[in-house]
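Notes for the one structure printed next.
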Amino acid sequence: MGNVPSAVKHCLSYQQLLREHLWIGDSVAGALDLAQMADHAEVMKGIRQHPGVRYPVLTPNLQGFHRAVAAGATEISVFGAASESFSKNNINCSIEESMEKFEEVVKSARLMNIPARGYVSCALGCPYEGSIPPQKVTEVCKRLYGMGCYEISLGDTIGVGTPGSMRRLLACVLKEVPQGALAVHCHDTYGQALANILTALQMGINVVDSAVSGLGGCPYAKGASGNVATEDLIYMLNGLGLNTGVDLHKVMEAGDFICKAVNKTTNSKVAQASFNA
């Protein structure tokens with residue numbers, strides 16, 4: 001949520017979504033070494049943490065990790081890529097160099113009993129290299145899991161994946177990483193996010209990343225839209241009879257709040273249909 005005032009971040013992430021304890025899940029406070037997230041400490045220290053809710057912070061290196069811990073983080077995330085070109089553009093180092101940095105971060109986190117989550121960008125395609133072989137993604141996932149990340153989120157950063165490519169990817173990754181240690185993170189650039197998520201669910205994946213109102217994107221992937229809208233995801237899961245414990249109406253209220261705050265139109269089809277009804 002770069003370029004969003006800290007006060008707005010507080011309200012969206014915690015007052016809106018956690019009001020009446022109707023939202024239990026992950027919340028990312030910021031990528032610590034990116035200029036747009038320079039206020040991460042202010043955000044972390046300004047929130048009132050709720051029992052049962054995780055507050056992971058993206059930490060690209062050891063310096064970022066220590067800053068996160070000092071700000072009160074109790075869970076951290078490292079974010080790598082399956083594409084060399086994307087890795088160099090996104091975090092300014094090669095895949096191998098990023099793994100070495102992540103080893104330091106995850107090791108330090110383990111010594112402090114702080115859980116670490118891993119992200120793999122460009123799991124289904126790269127803006128520079130095009131298609132990424134599933135085996136390459138699997139190698140990165142295996143490294144992250146081996147160093148101690150309790151969960152690996154497979155990111156379709158530019159939203160080019162389809163149910164077919166998602167199925168091929170998971171079939172490969174699941175040979176090396178346990179089903180319970182995987183999650184999916186699907187951007188909706190080509191309108192395939194929900195279909196891809198359904199495919200992942202059918203293959204046993206039960207953790208899905210999403211974004212209120214589908215906001216976001218990627219500064220290094222031209223044209224990439226945000227992550228799948230939380231509202232749309234919850235609507236689909238409700239229709240499948242899966243109990244998420246999330247109040248869809250409260251999420252739509254939060255989405256309406258943030259969209260008005262940043263003067264953007266929601267990307268959620270469910271919210272659009274509901275508010276225009």
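Labels for the structure tokens follow display order: chains A, B, ..., residues from 1 in each chain, ligands from 1.
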Residues near Gly148 of chain A, cut-off 10 Å, only C-alpha atoms, skip fewer than 5 positions along chain, as a PyMOL selection string:
chain A and resi 102-103+106-107+109-110+115-118+143
Could you save those same residues with C-alpha atoms as a CSV table (one decimal), in the first residue's frame?
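As written to disk, out_5.csv reads:
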chain,number,residue,atom,x,y,z
A,102,PHE,CA,17.2,-15.2,3.1
A,103,GLU,CA,19.2,-17.9,4.9
A,106,VAL,CA,15.3,-17.1,8.4
A,107,LYS,CA,18.1,-18.3,10.7
A,109,ALA,CA,14.2,-15.5,13.0
A,110,ARG,CA,14.4,-19.1,14.0
A,115,PRO,CA,7.9,-17.7,12.2
A,116,ALA,CA,9.1,-17.0,8.6
A,117,ARG,CA,7.0,-17.3,5.4
A,118,GLY,CA,8.4,-17.4,1.9
A,143,ARG,CA,15.3,-23.9,-1.0
Near Thr157 of chain A, within 6 Å and counting only C-alpha atoms, which residues show up once chain neighbours fewer than 3 positions away are dropped, as a PyMOL selection string?
chain A and resi 121-122+187
Assign secondary structure with DSSP using the backbone only, and return the residues of segment 119-267 of chain A in helix (DSSP H, G or I) as a ChimeraX atom specification.
/A:134-147,163-173,179-181,193-202,212-214,230-239,248-262
When you draw a straight line from atom CA of Ala254 of chain A to atom CA of Val43 of chain A, how long is it in Å?
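About the pair atom CA of Ala254 of chain A and atom CA of Val43 of chain A: they are 17.4 Å apart.
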Distance query segment 123-139 of chain A at most 8 Å, only C-alpha atoms, self and fewer than 4 positions along chain excluded, as a count of residues only
24
Find, counting only C-alpha atoms, the residue in A:Pro60, A:Gly223, A:Gly214, A:Pro178 that gets nearest to Thr265 of chain A.
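With only C-alpha atoms as the atom set, the closest residue is A:Gly214.
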Could you pull out the strand (DSSP E or B) residues of segment 163-234 of chain A, going by DSSP on the backbone, and write them as number ranges by chain?
A: 182-187, 208-209, 211, 227, 229
Hey, can you spit out that residue selection with all heavy atoms as a short mmCIF file (atom, residue, chain, number, x, y, z; two decimals), in the first residue's frame?
data_model
loop_
_atom_site.label_atom_id
_atom_site.label_comp_id
_atom_site.auth_asym_id
_atom_site.auth_seq_id
_atom_site.Cartn_x
_atom_site.Cartn_y
_atom_site.Cartn_z
N LEU A 182 2.17 -25.05 1.38
CA LEU A 182 2.04 -24.24 0.17
C LEU A 182 0.80 -23.34 0.23
O LEU A 182 -0.21 -23.69 0.83
CB LEU A 182 1.97 -25.13 -1.06
CG LEU A 182 3.24 -25.88 -1.45
CD1 LEU A 182 2.96 -26.82 -2.62
CD2 LEU A 182 4.37 -24.91 -1.80
N ALA A 183 0.91 -22.20 -0.42
CA ALA A 183 -0.21 -21.27 -0.57
C ALA A 183 -0.14 -20.71 -1.99
O ALA A 183 0.88 -20.87 -2.68
CB ALA A 183 -0.10 -20.14 0.44
N VAL A 184 -1.22 -20.09 -2.44
CA VAL A 184 -1.20 -19.45 -3.76
C VAL A 184 -1.55 -17.97 -3.63
O VAL A 184 -2.30 -17.57 -2.74
CB VAL A 184 -2.16 -20.13 -4.76
CG1 VAL A 184 -1.65 -21.52 -5.11
CG2 VAL A 184 -3.58 -20.20 -4.21
N HIS A 185 -0.99 -17.20 -4.55
CA HIS A 185 -1.11 -15.74 -4.54
C HIS A 185 -1.35 -15.33 -6.00
O HIS A 185 -0.42 -15.21 -6.78
CB HIS A 185 0.21 -15.15 -4.00
CG HIS A 185 0.26 -13.67 -3.91
ND1 HIS A 185 0.34 -13.02 -2.69
CD2 HIS A 185 0.26 -12.70 -4.85
CE1 HIS A 185 0.40 -11.71 -2.90
NE2 HIS A 185 0.36 -11.50 -4.21
N CYS A 186 -2.61 -15.16 -6.35
CA CYS A 186 -2.97 -14.98 -7.76
C CYS A 186 -3.45 -13.58 -8.11
O CYS A 186 -4.51 -13.14 -7.64
CB CYS A 186 -4.06 -15.98 -8.14
SG CYS A 186 -3.59 -17.71 -7.89
N HIS A 187 -2.69 -12.90 -8.95
CA HIS A 187 -3.13 -11.61 -9.45
C HIS A 187 -4.13 -11.85 -10.58
O HIS A 187 -4.12 -12.90 -11.23
CB HIS A 187 -1.93 -10.79 -9.94
CG HIS A 187 -1.11 -10.23 -8.81
ND1 HIS A 187 -0.82 -8.90 -8.68
CD2 HIS A 187 -0.55 -10.83 -7.73
CE1 HIS A 187 -0.12 -8.70 -7.59
NE2 HIS A 187 0.08 -9.86 -7.00
N VAL A 208 -4.83 -19.16 0.74
CA VAL A 208 -4.87 -18.28 -0.43
C VAL A 208 -4.64 -16.83 0.01
O VAL A 208 -5.28 -16.35 0.95
CB VAL A 208 -6.24 -18.37 -1.14
CG1 VAL A 208 -6.28 -17.42 -2.34
CG2 VAL A 208 -6.52 -19.80 -1.58
N ASP A 209 -3.73 -16.14 -0.65
CA ASP A 209 -3.51 -14.71 -0.39
C ASP A 209 -4.52 -13.90 -1.19
O ASP A 209 -4.85 -14.27 -2.33
CB ASP A 209 -2.10 -14.29 -0.81
CG ASP A 209 -1.01 -15.03 -0.06
OD1 ASP A 209 -1.30 -15.58 1.02
OD2 ASP A 209 0.14 -15.06 -0.55
N ALA A 211 -6.33 -9.56 -1.63
CA ALA A 211 -6.23 -8.13 -1.29
C ALA A 211 -7.62 -7.50 -1.30
O ALA A 211 -8.39 -7.70 -2.25
CB ALA A 211 -5.32 -7.41 -2.29
N ASN A 227 -3.74 -8.27 -6.56
CA ASN A 227 -4.06 -9.63 -6.16
C ASN A 227 -5.57 -9.82 -6.23
O ASN A 227 -6.33 -8.85 -6.23
CB ASN A 227 -3.55 -9.84 -4.73
CG ASN A 227 -3.42 -11.30 -4.35
OD1 ASN A 227 -3.76 -12.18 -5.14
ND2 ASN A 227 -2.94 -11.55 -3.15
N ALA A 229 -9.33 -10.04 -5.51
CA ALA A 229 -10.10 -9.30 -4.50
C ALA A 229 -10.59 -10.24 -3.41
O ALA A 229 -11.18 -11.29 -3.71
CB ALA A 229 -11.28 -8.59 -5.16
#
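Coordinates place atom CA of Phe257 of chain A at a distance of 18.1 Å from atom CA of Ile234 of chain A.
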Kindly indicate which residue among A:Ala273, A:Leu198, A:Gly80, A:Ala181 lies nearest to Gly239 of chain A, using only C-alpha atoms for the distances.
A:Leu198
Shell around Lys45 of chain A at 10 Å using only C-alpha atoms, local window under 6 positions removed, as a PyMOL selection string
chain A and resi 10+70-73
Atoms to include: all heavy atoms. Write the selected residues as a PDB file, in the first residue's frame.
ATOM      1  N   HIS A  10      -3.504   2.159   9.033  1.00  0.00           N
ATOM      2  CA  HIS A  10      -3.976   1.681  10.335  1.00  0.00           C
ATOM      3  C   HIS A  10      -5.445   1.295  10.254  1.00  0.00           C
ATOM      4  O   HIS A  10      -5.851   0.210  10.659  1.00  0.00           O
ATOM      5  CB  HIS A  10      -3.834   2.782  11.397  1.00  0.00           C
ATOM      6  CG  HIS A  10      -2.428   3.138  11.724  1.00  0.00           C
ATOM      7  ND1 HIS A  10      -2.100   4.258  12.433  1.00  0.00           N
ATOM      8  CD2 HIS A  10      -1.257   2.524  11.433  1.00  0.00           C
ATOM      9  CE1 HIS A  10      -0.781   4.328  12.568  1.00  0.00           C
ATOM     10  NE2 HIS A  10      -0.259   3.292  11.974  1.00  0.00           N
ATOM     11  N   ALA A  70      12.439  -4.660  15.736  1.00  0.00           N
ATOM     12  CA  ALA A  70      12.450  -3.469  16.584  1.00  0.00           C
ATOM     13  C   ALA A  70      11.102  -2.755  16.548  1.00  0.00           C
ATOM     14  O   ALA A  70      10.696  -2.114  17.525  1.00  0.00           O
ATOM     15  CB  ALA A  70      13.566  -2.523  16.134  1.00  0.00           C
ATOM     16  N   ALA A  71      10.420  -2.880  15.420  1.00  0.00           N
ATOM     17  CA  ALA A  71       9.111  -2.232  15.268  1.00  0.00           C
ATOM     18  C   ALA A  71       7.988  -3.070  15.868  1.00  0.00           C
ATOM     19  O   ALA A  71       6.837  -2.640  15.893  1.00  0.00           O
ATOM     20  CB  ALA A  71       8.830  -1.957  13.793  1.00  0.00           C
ATOM     21  N   GLY A  72       8.312  -4.294  16.314  1.00  0.00           N
ATOM     22  CA  GLY A  72       7.305  -5.125  16.959  1.00  0.00           C
ATOM     23  C   GLY A  72       6.791  -6.293  16.153  1.00  0.00           C
ATOM     24  O   GLY A  72       5.812  -6.935  16.536  1.00  0.00           O
ATOM     25  N   ALA A  73       7.429  -6.611  15.029  1.00  0.00           N
ATOM     26  CA  ALA A  73       6.970  -7.728  14.204  1.00  0.00           C
ATOM     27  C   ALA A  73       7.134  -9.053  14.941  1.00  0.00           C
ATOM     28  O   ALA A  73       8.163  -9.289  15.588  1.00  0.00           O
ATOM     29  CB  ALA A  73       7.745  -7.768  12.893  1.00  0.00           C
TER      30      ALA A  73
END
What lies within 10 Å of Gly204 of chain A using only C-alpha atoms, ignoring chain neighbours under 2 positions off, as a PyMOL selection string?
chain A and resi 170+174+179-180+182-183+198-202+206-207
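Using only C-alpha atoms, the smallest distance between any of A:Asn113, A:Asn276, A:Gln49, A:Ser153 and Ser77 of chain A comes from A:Ser153.
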